[in-house]
file run.txt (compact mmCIF, C-alpha atoms and all ligand atoms)
# COMPACT_ATOMS: atom_id res chain seq x y z
CA MET K 119 137.74 66.25 132.22
CA PRO K 120 139.59 66.88 128.96
CA ALA K 121 143.26 66.18 129.55
CA LEU K 122 144.76 65.70 126.10
CA ALA K 123 145.97 68.01 123.35
CA LEU K 124 146.01 67.57 119.60
CA GLY K 125 149.26 68.87 118.12
CA ILE K 126 149.49 69.43 114.37
CA ASP K 127 152.85 70.01 112.70
CA LEU K 128 152.23 71.64 109.33
CA GLY K 129 155.23 71.32 107.01
CA GLY K 130 155.87 71.98 103.35
CA THR K 131 155.78 68.30 102.39
CA LYS K 132 153.97 66.56 105.23
CA ILE K 133 151.43 67.06 107.97
CA ALA K 134 151.98 65.19 111.24
CA ALA K 135 149.37 65.10 113.99
CA GLY K 136 149.58 63.63 117.46
CA VAL K 137 147.33 63.24 120.49
CA VAL K 138 149.52 64.13 123.45
CA ASP K 139 149.00 63.85 127.20
CA ALA K 140 150.23 66.36 129.78
CA ALA K 141 153.44 64.37 130.31
CA GLY K 142 154.34 64.61 126.62
CA ARG K 143 153.46 61.04 125.65
CA ILE K 144 152.16 60.70 122.10
CA LEU K 145 149.13 58.38 122.36
CA GLY K 146 148.10 58.41 118.72
CA ARG K 147 149.48 59.68 115.42
CA GLY K 148 148.20 60.66 112.01
CA HIS K 149 149.99 61.65 108.82
CA ARG K 150 149.04 63.17 105.50
CA PRO K 151 151.03 64.65 102.62
CA THR K 152 150.65 68.46 102.51
CA ARG K 153 150.29 68.85 98.71
CA PRO K 154 150.17 72.63 99.04
CA ARG K 155 149.54 73.23 95.34
CA GLU K 156 145.99 71.93 95.80
CA GLY K 157 145.06 75.05 97.78
CA TRP K 158 144.71 75.88 101.45
CA GLU K 159 141.21 74.44 101.93
CA ALA K 160 142.50 71.04 100.80
CA VAL K 161 145.53 71.37 103.10
CA VAL K 162 143.34 72.20 106.11
CA GLY K 163 141.12 69.25 105.16
CA ARG K 164 144.15 66.96 105.36
CA MET K 165 145.18 68.51 108.70
CA ILE K 166 141.75 67.49 110.02
CA GLU K 167 142.09 63.99 108.53
CA ALA K 168 145.50 63.57 110.19
CA GLY K 169 143.99 64.80 113.47
CA GLU K 170 141.09 62.35 113.24
CA GLU K 171 143.52 59.52 112.53
CA ALA K 172 145.54 60.45 115.63
CA LEU K 173 142.39 60.62 117.78
CA ALA K 174 141.26 57.19 116.53
CA GLU K 175 144.66 55.64 117.26
CA ALA K 176 144.57 57.14 120.76
CA SER K 177 140.99 55.86 121.26
CA ALA K 178 140.10 59.44 122.13
CA GLY K 179 137.40 61.87 121.04
CA VAL K 180 137.12 65.61 120.67
CA ASP K 181 135.67 65.78 124.22
CA ASP K 182 139.01 64.53 125.56
CA LEU K 183 140.81 67.52 124.04
CA LEU K 184 141.84 70.50 126.11
CA GLY K 185 142.70 72.21 122.86
CA VAL K 186 144.35 72.04 119.46
CA GLY K 187 147.76 73.51 118.63
CA VAL K 188 149.30 74.13 115.22
CA GLY K 189 152.91 74.89 114.34
CA SER K 190 153.28 76.40 110.88
CA PRO K 191 155.91 78.05 108.72
CA GLY K 192 155.37 81.78 108.88
CA PRO K 193 155.07 84.63 109.50
CA VAL K 194 151.91 83.82 111.43
CA ASN K 195 149.61 85.96 113.58
CA PRO K 196 148.82 83.94 116.73
CA GLN K 197 146.28 86.56 117.80
CA THR K 198 144.06 86.24 114.73
CA GLY K 199 145.03 82.63 114.03
CA VAL K 200 146.11 83.48 110.50
CA VAL K 201 149.15 82.25 108.58
CA VAL K 202 150.16 85.58 107.08
CA GLU K 203 152.48 84.11 104.51
CA ALA K 204 154.24 80.80 103.96
CA ALA K 205 155.95 80.55 100.59
CA ASN K 206 156.46 76.77 100.69
CA LEU K 207 152.74 76.26 101.44
CA TYR K 208 151.53 78.87 98.91
CA PHE K 209 149.64 80.34 101.90
CA LYS K 210 148.70 84.00 102.11
CA ASP K 211 146.38 85.18 104.91
CA VAL K 212 145.01 81.71 105.59
CA PRO K 213 142.62 81.52 108.60
CA VAL K 214 143.89 78.17 109.90
CA VAL K 215 142.51 78.56 113.44
CA ARG K 216 139.01 79.49 112.29
CA ALA K 217 138.90 76.53 109.89
CA LEU K 218 140.07 74.03 112.52
CA TYR K 219 137.79 75.50 115.19
CA ARG K 220 134.82 74.98 112.91
CA HIS K 221 135.60 71.27 112.96
CA TYR K 222 136.85 70.61 116.50
CA ARG K 223 135.07 73.34 118.52
CA ARG K 224 137.99 73.36 120.95
CA PRO K 225 140.33 76.26 121.84
CA THR K 226 142.81 76.37 118.96
CA TYR K 227 146.24 77.98 118.90
CA LEU K 228 148.59 78.80 116.05
CA GLU K 229 152.30 79.53 116.33
CA HIS K 230 155.33 79.86 114.13
CA ASP K 231 156.96 76.42 113.97
CA ALA K 232 160.27 77.51 115.54
CA ARG K 233 158.49 79.19 118.45
CA ALA K 234 156.22 76.16 118.96
CA ALA K 235 159.28 73.88 118.97
CA ALA K 236 160.88 76.13 121.61
CA LEU K 237 157.85 75.63 123.83
CA GLY K 238 157.98 71.87 123.17
CA GLU K 239 161.64 71.62 124.18
CA TYR K 240 160.91 73.78 127.23
CA ARG K 241 158.03 71.62 128.38
CA TYR K 242 159.14 68.13 127.32
CA GLY K 243 162.71 68.18 126.04
CA ALA K 244 166.18 69.64 126.56
CA GLY K 245 164.75 72.88 127.94
CA ARG K 246 163.08 71.30 130.98
CA GLY K 247 164.02 73.09 134.17
CA ALA K 248 165.49 76.14 132.42
CA ALA K 249 164.39 79.49 133.81
CA ASN K 250 164.97 81.36 130.56
CA LEU K 251 165.45 79.38 127.38
CA VAL K 252 166.46 80.14 123.81
CA PHE K 253 165.80 77.40 121.28
CA VAL K 254 167.48 77.67 117.89
CA THR K 255 166.74 75.47 114.92
CA VAL K 256 169.48 75.27 112.31
CA SER K 257 168.21 73.45 109.24
CA THR K 258 167.39 74.80 105.76
CA GLY K 259 166.85 78.11 107.57
CA ILE K 260 167.61 79.43 111.06
CA GLY K 261 164.79 80.24 113.45
CA ALA K 262 164.56 80.71 117.19
CA GLY K 263 162.06 80.75 120.01
CA ILE K 264 162.44 82.44 123.37
CA VAL K 265 160.79 81.32 126.60
CA LEU K 266 161.13 83.86 129.41
CA ASP K 267 159.81 83.00 132.88
CA GLY K 268 157.77 80.16 131.37
CA ARG K 269 156.14 82.29 128.68
CA LEU K 270 156.76 82.10 124.97
CA VAL K 271 157.82 85.50 123.64
CA GLN K 272 155.85 86.47 120.53
CA GLY K 273 157.02 90.05 120.07
CA SER K 274 155.14 93.20 119.05
CA HIS K 275 154.87 92.04 115.43
CA PHE K 276 154.84 88.30 116.17
CA SER K 277 158.32 88.03 114.71
CA ALA K 278 160.33 87.36 117.88
CA GLY K 279 163.03 84.81 117.16
CA GLU K 280 163.91 85.80 113.59
CA LEU K 281 167.56 85.35 114.48
CA GLY K 282 168.35 83.94 111.03
CA HIS K 283 167.85 87.32 109.39
CA THR K 284 170.37 89.18 111.50
CA VAL K 285 173.00 90.57 109.13
CA VAL K 286 176.40 89.19 110.15
CA VAL K 287 178.42 89.69 106.94
CA PRO K 288 177.74 93.10 105.36
CA GLU K 289 177.45 92.64 101.57
CA GLY K 290 177.70 88.88 102.16
CA PRO K 291 175.83 86.10 100.34
CA LEU K 292 172.23 86.79 99.27
CA CYS K 293 169.57 85.50 101.68
CA THR K 294 166.09 84.17 100.84
CA CYS K 295 164.66 87.31 102.54
CA GLY K 296 166.36 89.60 100.00
CA GLN K 297 169.02 90.98 102.36
CA ARG K 298 172.70 90.18 102.01
CA GLY K 299 174.84 88.46 104.63
CA CYS K 300 172.11 87.19 106.97
CA LEU K 301 173.15 84.58 109.54
CA GLU K 302 170.90 82.15 107.65
CA ALA K 303 172.87 82.71 104.43
CA VAL K 304 176.17 81.69 106.04
CA ALA K 305 175.25 79.26 108.84
CA SER K 306 172.07 77.37 107.87
CA GLY K 307 172.31 73.98 106.18
CA THR K 308 171.53 75.66 102.87
CA GLY K 309 174.06 78.44 103.49
CA ILE K 310 176.82 76.01 104.50
CA ALA K 311 176.16 73.84 101.44
CA ASN K 312 176.16 76.86 99.09
CA LEU K 313 179.46 78.22 100.44
CA ALA K 314 181.08 74.77 100.39
CA ARG K 315 179.93 74.27 96.80
CA GLU K 316 181.61 77.55 95.85
CA ALA K 317 184.81 76.44 97.61
CA MET K 318 184.62 73.16 95.70
CA GLU K 319 184.25 74.99 92.40
CA ARG K 320 187.30 77.13 93.26
CA GLY K 321 189.26 73.92 93.83
CA GLU K 322 189.63 74.52 97.57
CA ALA K 323 187.60 71.54 98.78
CA PRO K 324 189.18 68.40 97.27
CA VAL K 325 187.76 65.96 99.83
CA LEU K 326 184.25 67.31 99.33
CA ARG K 327 184.66 67.02 95.57
CA GLU K 328 185.58 63.36 96.00
CA LEU K 329 182.71 62.66 98.43
CA ALA K 330 180.21 64.35 96.13
CA GLY K 331 181.59 62.57 93.08
CA GLY K 332 182.24 66.01 91.58
CA ASP K 333 178.50 66.74 91.52
CA PRO K 334 177.62 70.14 93.07
CA GLU K 335 174.00 68.96 93.43
CA GLY K 336 175.16 66.24 95.80
CA VAL K 337 176.58 68.72 98.33
CA ASP K 338 174.64 69.20 101.56
CA ALA K 339 175.61 70.19 105.11
CA ARG K 340 175.93 66.56 106.18
CA LEU K 341 178.49 65.92 103.43
CA VAL K 342 180.36 69.12 104.33
CA ALA K 343 180.64 67.85 107.93
CA GLU K 344 181.99 64.53 106.67
CA ALA K 345 184.56 66.37 104.53
CA VAL K 346 185.67 68.38 107.59
CA ARG K 347 186.14 65.15 109.56
CA ARG K 348 188.36 63.90 106.72
CA GLY K 349 190.49 67.05 106.77
CA ASP K 350 189.09 69.12 103.89
CA PRO K 351 190.57 72.66 104.21
CA GLY K 352 187.85 74.49 102.23
CA CYS K 353 185.00 72.88 104.17
CA ARG K 354 186.83 73.54 107.43
CA GLU K 355 186.92 77.25 106.59
CA VAL K 356 183.20 77.31 105.68
CA LEU K 357 182.24 75.54 108.91
CA ASP K 358 184.57 77.73 111.01
CA GLN K 359 182.87 80.82 109.61
CA ALA K 360 179.38 79.36 110.10
CA THR K 361 179.96 78.39 113.74
CA PHE K 362 181.75 81.67 114.49
CA HIS K 363 178.84 83.75 113.19
CA LEU K 364 176.27 81.54 114.93
CA GLY K 365 178.25 81.84 118.18
CA MET K 366 178.55 85.62 117.87
CA ALA K 367 174.82 85.97 117.19
CA LEU K 368 174.01 83.78 120.20
CA ALA K 369 176.42 85.74 122.41
CA GLY K 370 174.42 88.85 121.55
CA VAL K 371 171.20 87.06 122.49
CA VAL K 372 172.69 85.90 125.82
CA ASN K 373 173.87 89.41 126.68
CA LEU K 374 170.47 90.83 125.79
CA ILE K 375 168.15 88.46 127.66
CA ASP K 376 170.50 86.59 130.05
CA CYS K 377 169.12 83.10 129.40
CA ASP K 378 170.53 80.13 131.32
CA ARG K 379 170.16 77.64 128.47
CA ILE K 380 170.39 77.54 124.68
CA VAL K 381 169.05 74.43 122.95
CA ILE K 382 170.07 73.88 119.33
CA GLY K 383 168.08 71.56 117.06
CA GLY K 384 167.50 71.02 113.36
CA GLY K 385 169.40 68.91 110.83
CA VAL K 386 172.68 70.85 111.10
CA ALA K 387 172.82 70.24 114.88
CA LYS K 388 173.25 66.53 114.05
CA MET K 389 176.91 67.42 113.30
CA GLY K 390 177.29 67.23 117.07
CA GLU K 391 180.50 68.56 118.61
CA LEU K 392 181.71 69.76 115.22
CA LEU K 393 179.08 72.48 115.70
CA PHE K 394 178.63 72.69 119.47
CA GLU K 395 182.29 72.95 120.52
CA PRO K 396 183.15 76.06 118.44
CA VAL K 397 179.76 77.68 119.15
CA ARG K 398 180.29 77.21 122.92
CA ARG K 399 183.84 78.55 122.62
CA THR K 400 182.69 81.70 120.78
CA VAL K 401 179.75 82.35 123.10
CA THR K 402 181.88 81.91 126.23
CA ALA K 403 184.52 84.26 124.84
CA CYS K 404 182.03 86.98 123.89
CA VAL K 405 179.38 87.16 126.63
CA VAL K 406 179.53 89.22 129.80
CA ALA K 407 181.27 87.43 132.68
CA THR K 408 178.07 86.84 134.67
CA ALA K 409 176.50 84.85 131.82
CA ARG K 410 179.49 82.65 130.97
CA ASN K 411 177.97 79.49 132.47
CA VAL K 412 175.08 79.52 129.98
CA GLN K 413 174.45 75.93 128.85
CA ILE K 414 174.46 75.17 125.10
CA ILE K 415 173.07 71.71 124.43
CA PRO K 416 171.42 69.67 121.65
CA ALA K 417 167.64 69.43 121.30
CA ALA K 418 166.07 66.27 122.69
CA LEU K 419 162.76 65.83 120.90
CA GLY K 420 163.99 64.88 117.42
CA PRO K 421 161.36 64.39 114.71
CA ASP K 422 158.50 64.67 117.25
CA ALA K 423 159.44 68.26 118.16
CA GLY K 424 156.79 69.65 115.82
CA ILE K 425 153.90 67.62 117.26
CA LEU K 426 154.98 68.12 120.88
CA GLY K 427 155.57 71.84 120.37
CA ALA K 428 152.14 72.28 118.82
CA ALA K 429 150.52 70.29 121.63
CA ALA K 430 152.39 72.37 124.21
CA LEU K 431 150.55 75.44 122.88
CA ALA K 432 147.29 73.92 124.13
CA PHE K 433 148.79 73.02 127.52
CA THR K 434 150.55 76.38 127.96
CA PRO K 435 148.17 78.76 126.21
CA PRO K 436 149.74 82.07 125.28
CA GLN K 437 147.92 85.17 126.51
CA LEU K 438 145.53 85.63 123.65
CA THR K 439 141.97 84.93 122.72
CA PRO K 440 141.52 81.34 121.55
CA GLY K 441 140.20 81.02 118.01
CA SER K 442 136.49 81.24 117.52
ZN ZN Y 501 167.66 86.94 105.56
call {"tool": "encode", "arguments": {"input": "run.txt", "output": "structure tokens", "more": "lines below"}}
Ligand SMILES: [Zn+2]
result
Amino acid sequence: MPALALGIDLGGTKIAAGVVDAAGRILGRGHRPTRPREGWEAVVGRMIEAGEEALAEASAGVDDLLGVGVGSPGPVNPQTGVVVEAANLYFKDVPVVRALYRHYRRPTYLEHDARAAALGEYRYGAGRGAANLVFVTVSTGIGAGIVLDGRLVQGSHFSAGELGHTVVVPEGPLCTCGQRGCLEAVASGTGIANLAREAMERGEAPVLRELAGGDPEGVDARLVAEAVRRGDPGCREVLDQATFHLGMALAGVVNLIDCDRIVIGGGVAKMGELLFEPVRRTVTACVVATARNVQIIPAALGPDAGILGAAALAFTPPQLTPGS
């Protein structure tokens, strides 16, 4: 009886694969660099190599696999198994599921990485036991995944969870999507660093300037958090705005779907209470009274979230036709 899943986390710089059991234990791992400039066939070839490495380490074979799951930057189409577009991978309409199925001959599932991570946290991490969960990743971008009654929500256009591109500051900073004032442009790690850099250049962030040695290139969200801890007024303002807008956006989500838990992951969440306390305060102040006890907690899976989320796709198959 096959009882394992192969989870493949496809990122812009590296591919991580893991053989995972139903309890979420990673029994074997494999890694390859992505090297996206070499073309998608080469990238898929390295995904297979990483998968084979993980199977070998787990002393498992393809026959032990219930299925294969892939988390990828997107947009992706889980129904056709195609990565529609991923700028950092130079992917356009890449049939990832078909290519992997040709090798493994097991049911193969593709999801957007943020949605896969949501399923991973729901099944193995900080989302365990939640009835309705929203997972938000705040890193270079902002993405989300929604699990309602145990099912991952994909949406009518497979774009459910694009919280980062909600406009929160009309005519605000330019976003990577082309709009102005998206949540991602003011509250992602990149957005926070950009706004703090501007404050530094206006002379409003003296502590940050000192920490960065005056070098704008050295500014990232982690350094901004450190400057806030040391009392920098400009960085404090940037972070206050970021957490306020994130909290307001999440309050809207809570009112809309009435989830009982929000899990926040990604590099920016490592700021800890500097982020969580003001976000909780804003959400609590802005949601309807019945939803005020919504929990807002850090993600639990850390760097393995990608592998476990991808594997969870094979254990909790979405309602769609597996790749063939
Ligand atoms: Zn945007």
call {"tool": "residues_near_ligand", "arguments": {"input": "run.txt", "ligand": "ligand ZN 501 (chain Y)", "cutoff": "9 Å", "atoms": "all atoms listed in the file", "output": "list in words"}}
result
Glu280, Gly282, His283, Thr284, Val285, Leu292, Cys293, Thr294, Cys295, Gly296, Gln297, Arg298, Gly299, Cys300, Leu301, Glu302 and Ala303 of chain K
call {"tool": "closest_atom_pairs", "arguments": {"input": "run.txt", "of": "region 253-328 of chain K", "to": "region 193-215 of chain K", "cutoff": "9 Å", "atoms": "only C-alpha atoms", "output": "JSON lines"}}
result
{"residue": "K:Gln272", "atom": "CA", "partner": "K:Pro196", "partner_atom": "CA", "distance": 8.4}
{"residue": "K:His275", "atom": "CA", "partner": "K:Asn195", "partner_atom": "CA", "distance": 8.2}
{"residue": "K:Phe276", "atom": "CA", "partner": "K:Asn195", "partner_atom": "CA", "distance": 6.3}
{"residue": "K:Ser277", "atom": "CA", "partner": "K:Pro193", "partner_atom": "CA", "distance": 7.0}
call {"tool": "atom_distance", "arguments": {"input": "run.txt", "atom1": "CA of Pro154 (chain K)", "atom2": "CA of Val180 (chain K)"}}
result
26.2 Å
call {"tool": "axis_aligned_box", "arguments": {"input": "run.txt", "around": "region 140-147 of chain K", "padding_each_side": "5 Å", "output": "JSON"}}
result
{"center_x": 151.2, "center_y": 62.4, "center_z": 122.9, "size_x": 16.2, "size_y": 18.0, "size_z": 24.9}
call {"tool": "closest_atom_pairs", "arguments": {"input": "run.txt", "of": "region 160-253 of chain K", "to": "region 407-415 of chain K", "cutoff": "10 Å", "atoms": "only C-alpha atoms", "output": "CSV"}}
result
residue,atom,partner,partner_atom,distance
K:Ala244,CA,K:Ile415,CA,7.5
K:Gly245,CA,K:Ile415,CA,9.1
K:Ala248,CA,K:Gln413,CA,9.6
K:Leu251,CA,K:Gln413,CA,9.8
K:Val252,CA,K:Ile414,CA,9.5
K:Phe253,CA,K:Ile414,CA,9.7
call {"tool": "write_last_selection", "arguments": {"input": "run.txt", "atoms": "C-alpha atoms", "output": "mmCIF file, in the frame of the given file"}}
result
data_model
loop_
_atom_site.group_PDB
_atom_site.id
_atom_site.type_symbol
_atom_site.label_atom_id
_atom_site.label_comp_id
_atom_site.auth_asym_id
_atom_site.auth_seq_id
_atom_site.Cartn_x
_atom_site.Cartn_y
_atom_site.Cartn_z
ATOM 1 C CA ALA K 244 166.180 69.640 126.560
ATOM 2 C CA GLY K 245 164.750 72.880 127.940
ATOM 3 C CA ALA K 248 165.490 76.140 132.420
ATOM 4 C CA LEU K 251 165.450 79.380 127.380
ATOM 5 C CA VAL K 252 166.460 80.140 123.810
ATOM 6 C CA PHE K 253 165.800 77.400 121.280
#
call {"tool": "atom_distance", "arguments": {"input": "run.txt", "atom1": "CA of Leu128 (chain K)", "atom2": "CA of Leu426 (chain K)"}}
result
12.4 Å
call {"tool": "closest_atom_pairs", "arguments": {"input": "run.txt", "of": "region 128-247 of chain K", "to": "region 369-386 of chain K", "cutoff": "12 Å", "atoms": "only C-alpha atoms", "output": "tab-separated table"}}
result
residue	atom	partner	partner_atom	distance
K:Asp231	CA	K:Gly384	CA	11.9
K:Ala232	CA	K:Gly383	CA	9.9
K:Ala235	CA	K:Gly383	CA	9.3
K:Ala236	CA	K:Val381	CA	8.5
K:Leu237	CA	K:Val381	CA	11.3
K:Gly238	CA	K:Val381	CA	11.4
K:Glu239	CA	K:Val381	CA	8.0
K:Tyr240	CA	K:Val381	CA	9.2
K:Gly243	CA	K:Val381	CA	9.4
K:Ala244	CA	K:Val381	CA	6.6
K:Gly245	CA	K:Val381	CA	6.8
K:Arg246	CA	K:Arg379	CA	9.8
K:Gly247	CA	K:Arg379	CA	9.5
call {"tool": "closest_residue", "arguments": {"input": "run.txt", "among": "K:Gly261, K:Gly332, K:Gly125, K:Pro324", "to": "Arg147 (chain K)", "atoms": "only C-alpha atoms"}}
result
K:Gly125
call {"tool": "atom_distance", "arguments": {"input": "run.txt", "atom1": "CA of Leu329 (chain K)", "atom2": "CA of Arg354 (chain K)"}}
result
14.7 Å
call {"tool": "residues_around", "arguments": {"input": "run.txt", "residues": "Ile310 (chain K)", "least_positions_apart": "6", "cutoff": "9 Å", "atoms": "only C-alpha atoms", "output": "list in words"}}
result
Ala303, Val304, Asp338, Ala339, Val342, Cys353, Val356, Leu357 and Ala360 of chain K
call {"tool": "closest_residue", "arguments": {"input": "run.txt", "among": "K:Gly427, K:Gly321, K:Pro191, K:Pro288", "to": "Gly259 (chain K)", "atoms": "all atoms listed in the file"}}
result
K:Pro191
call {"tool": "closest_residue", "arguments": {"input": "run.txt", "among": "K:Leu368, K:Trp158, K:Glu316, K:Cys404", "to": "Glu355 (chain K)", "atoms": "only C-alpha atoms"}}
result
K:Glu316
call {"tool": "residues_near_point", "arguments": {"input": "run.txt", "point": "(155.0, 69.7, 101.3)", "cutoff": "10 Å", "atoms": "all atoms listed in the file", "output": "list in words"}}
result
Leu128, Gly129, Gly130, Thr131, Lys132, Ile133, Arg150, Pro151, Thr152, Arg153, Pro154, Arg155, Val161, Asn206 and Leu207 of chain K
call {"tool": "closest_residue", "arguments": {"input": "run.txt", "among": "K:Leu341, K:Leu431, K:Ala249, K:Val188", "to": "Gly169 (chain K)", "atoms": "all atoms listed in the file"}}
result
K:Val188
call {"tool": "closest_residue", "arguments": {"input": "run.txt", "among": "K:Glu322, K:Glu175, K:Ala305, K:Phe433", "to": "Thr226 (chain K)", "atoms": "all atoms listed in the file"}}
result
K:Phe433
call {"tool": "residues_around", "arguments": {"input": "run.txt", "residues": "Leu270 (chain K)", "least_positions_apart": "4", "cutoff": "9 Å", "atoms": "all atoms listed in the file", "output": "list in words"}}
result
Arg233, Ala234, Ala236, Leu237, Gly263, Ile264, Val265, Leu266, Thr434 and Pro436 of chain K
call {"tool": "closest_residue", "arguments": {"input": "run.txt", "among": "K:Asp333, K:Leu313, K:Arg241, K:Arg327", "to": "Arg269 (chain K)", "atoms": "all atoms listed in the file"}}
result
K:Arg241
call {"tool": "residues_around", "arguments": {"input": "run.txt", "residues": "Leu392 (chain K)", "least_positions_apart": "5", "cutoff": "9 Å", "atoms": "all atoms listed in the file", "output": "ChimeraX atom specification"}}
result
/K:343,346-347,357,361,387
call {"tool": "build_atoms", "arguments": {"input": "run.txt", "residues": "region 224-231 of chain K", "atoms": "all heavy atoms", "output": "PDB file, in the coordinates of the input"}}
result
ATOM      1  N   ARG K 224     137.151  73.300 119.750  1.00  0.00           N
ATOM      2  CA  ARG K 224     137.990  73.360 120.950  1.00  0.00           C
ATOM      3  C   ARG K 224     138.907  74.577 120.808  1.00  0.00           C
ATOM      4  O   ARG K 224     139.206  75.007 119.689  1.00  0.00           O
ATOM      5  CB  ARG K 224     138.861  72.096 121.103  1.00  0.00           C
ATOM      6  CG  ARG K 224     138.107  70.779 121.077  1.00  0.00           C
ATOM      7  CD  ARG K 224     137.061  70.674 122.158  1.00  0.00           C
ATOM      8  NE  ARG K 224     137.612  70.759 123.505  1.00  0.00           N
ATOM      9  CZ  ARG K 224     136.893  71.085 124.581  1.00  0.00           C
ATOM     10  NH1 ARG K 224     135.619  71.387 124.448  1.00  0.00           N
ATOM     11  NH2 ARG K 224     137.450  71.119 125.769  1.00  0.00           N
ATOM     12  N   PRO K 225     139.385  75.149 121.939  1.00  0.00           N
ATOM     13  CA  PRO K 225     140.330  76.260 121.840  1.00  0.00           C
ATOM     14  C   PRO K 225     141.502  75.865 120.935  1.00  0.00           C
ATOM     15  O   PRO K 225     142.063  74.780 121.095  1.00  0.00           O
ATOM     16  CB  PRO K 225     140.814  76.454 123.282  1.00  0.00           C
ATOM     17  CG  PRO K 225     139.714  75.898 124.120  1.00  0.00           C
ATOM     18  CD  PRO K 225     139.110  74.768 123.325  1.00  0.00           C
ATOM     19  N   THR K 226     141.809  76.718 119.977  1.00  0.00           N
ATOM     20  CA  THR K 226     142.810  76.370 118.960  1.00  0.00           C
ATOM     21  C   THR K 226     143.865  77.453 118.887  1.00  0.00           C
ATOM     22  O   THR K 226     143.540  78.644 118.902  1.00  0.00           O
ATOM     23  CB  THR K 226     142.104  76.179 117.595  1.00  0.00           C
ATOM     24  OG1 THR K 226     141.128  75.146 117.726  1.00  0.00           O
ATOM     25  CG2 THR K 226     143.090  75.786 116.506  1.00  0.00           C
ATOM     26  N   TYR K 227     145.124  77.031 118.850  1.00  0.00           N
ATOM     27  CA  TYR K 227     146.240  77.980 118.900  1.00  0.00           C
ATOM     28  C   TYR K 227     147.175  77.757 117.723  1.00  0.00           C
ATOM     29  O   TYR K 227     147.450  76.618 117.334  1.00  0.00           O
ATOM     30  CB  TYR K 227     147.031  77.795 120.210  1.00  0.00           C
ATOM     31  CG  TYR K 227     146.153  77.859 121.433  1.00  0.00           C
ATOM     32  CD1 TYR K 227     145.601  76.700 121.969  1.00  0.00           C
ATOM     33  CD2 TYR K 227     145.849  79.080 122.030  1.00  0.00           C
ATOM     34  CE1 TYR K 227     144.771  76.752 123.078  1.00  0.00           C
ATOM     35  CE2 TYR K 227     145.024  79.142 123.141  1.00  0.00           C
ATOM     36  CZ  TYR K 227     144.486  77.976 123.660  1.00  0.00           C
ATOM     37  OH  TYR K 227     143.662  78.033 124.756  1.00  0.00           O
ATOM     38  N   LEU K 228     147.669  78.859 117.189  1.00  0.00           N
ATOM     39  CA  LEU K 228     148.590  78.800 116.050  1.00  0.00           C
ATOM     40  C   LEU K 228     149.890  79.493 116.455  1.00  0.00           C
ATOM     41  O   LEU K 228     149.872  80.546 117.093  1.00  0.00           O
ATOM     42  CB  LEU K 228     147.972  79.529 114.851  1.00  0.00           C
ATOM     43  CG  LEU K 228     148.873  79.777 113.637  1.00  0.00           C
ATOM     44  CD1 LEU K 228     149.171  78.473 112.903  1.00  0.00           C
ATOM     45  CD2 LEU K 228     148.214  80.773 112.681  1.00  0.00           C
ATOM     46  N   GLU K 229     151.006  78.889 116.100  1.00  0.00           N
ATOM     47  CA  GLU K 229     152.300  79.530 116.330  1.00  0.00           C
ATOM     48  C   GLU K 229     153.238  79.254 115.172  1.00  0.00           C
ATOM     49  O   GLU K 229     153.061  78.276 114.428  1.00  0.00           O
ATOM     50  CB  GLU K 229     152.942  79.033 117.635  1.00  0.00           C
ATOM     51  CG  GLU K 229     152.902  80.028 118.783  1.00  0.00           C
ATOM     52  CD  GLU K 229     153.542  81.377 118.472  1.00  0.00           C
ATOM     53  OE1 GLU K 229     154.196  81.535 117.420  1.00  0.00           O
ATOM     54  OE2 GLU K 229     153.387  82.295 119.282  1.00  0.00           O
ATOM     55  N   HIS K 230     154.231  80.097 115.048  1.00  0.00           N
ATOM     56  CA  HIS K 230     155.330  79.860 114.130  1.00  0.00           C
ATOM     57  C   HIS K 230     156.027  78.570 114.565  1.00  0.00           C
ATOM     58  O   HIS K 230     156.185  78.326 115.765  1.00  0.00           O
ATOM     59  CB  HIS K 230     156.287  81.053 114.218  1.00  0.00           C
ATOM     60  CG  HIS K 230     157.375  81.012 113.216  1.00  0.00           C
ATOM     61  ND1 HIS K 230     158.593  80.455 113.488  1.00  0.00           N
ATOM     62  CD2 HIS K 230     157.422  81.441 111.947  1.00  0.00           C
ATOM     63  CE1 HIS K 230     159.354  80.554 112.414  1.00  0.00           C
ATOM     64  NE2 HIS K 230     158.665  81.149 111.461  1.00  0.00           N
ATOM     65  N   ASP K 231     156.443  77.744 113.600  1.00  0.00           N
ATOM     66  CA  ASP K 231     156.960  76.420 113.970  1.00  0.00           C
ATOM     67  C   ASP K 231     158.183  76.471 114.898  1.00  0.00           C
ATOM     68  O   ASP K 231     158.291  75.665 115.823  1.00  0.00           O
ATOM     69  CB  ASP K 231     157.212  75.540 112.735  1.00  0.00           C
ATOM     70  CG  ASP K 231     157.942  76.252 111.610  1.00  0.00           C
ATOM     71  OD1 ASP K 231     158.535  77.323 111.867  1.00  0.00           O
ATOM     72  OD2 ASP K 231     157.928  75.734 110.485  1.00  0.00           O
TER      73      ASP K 231
END
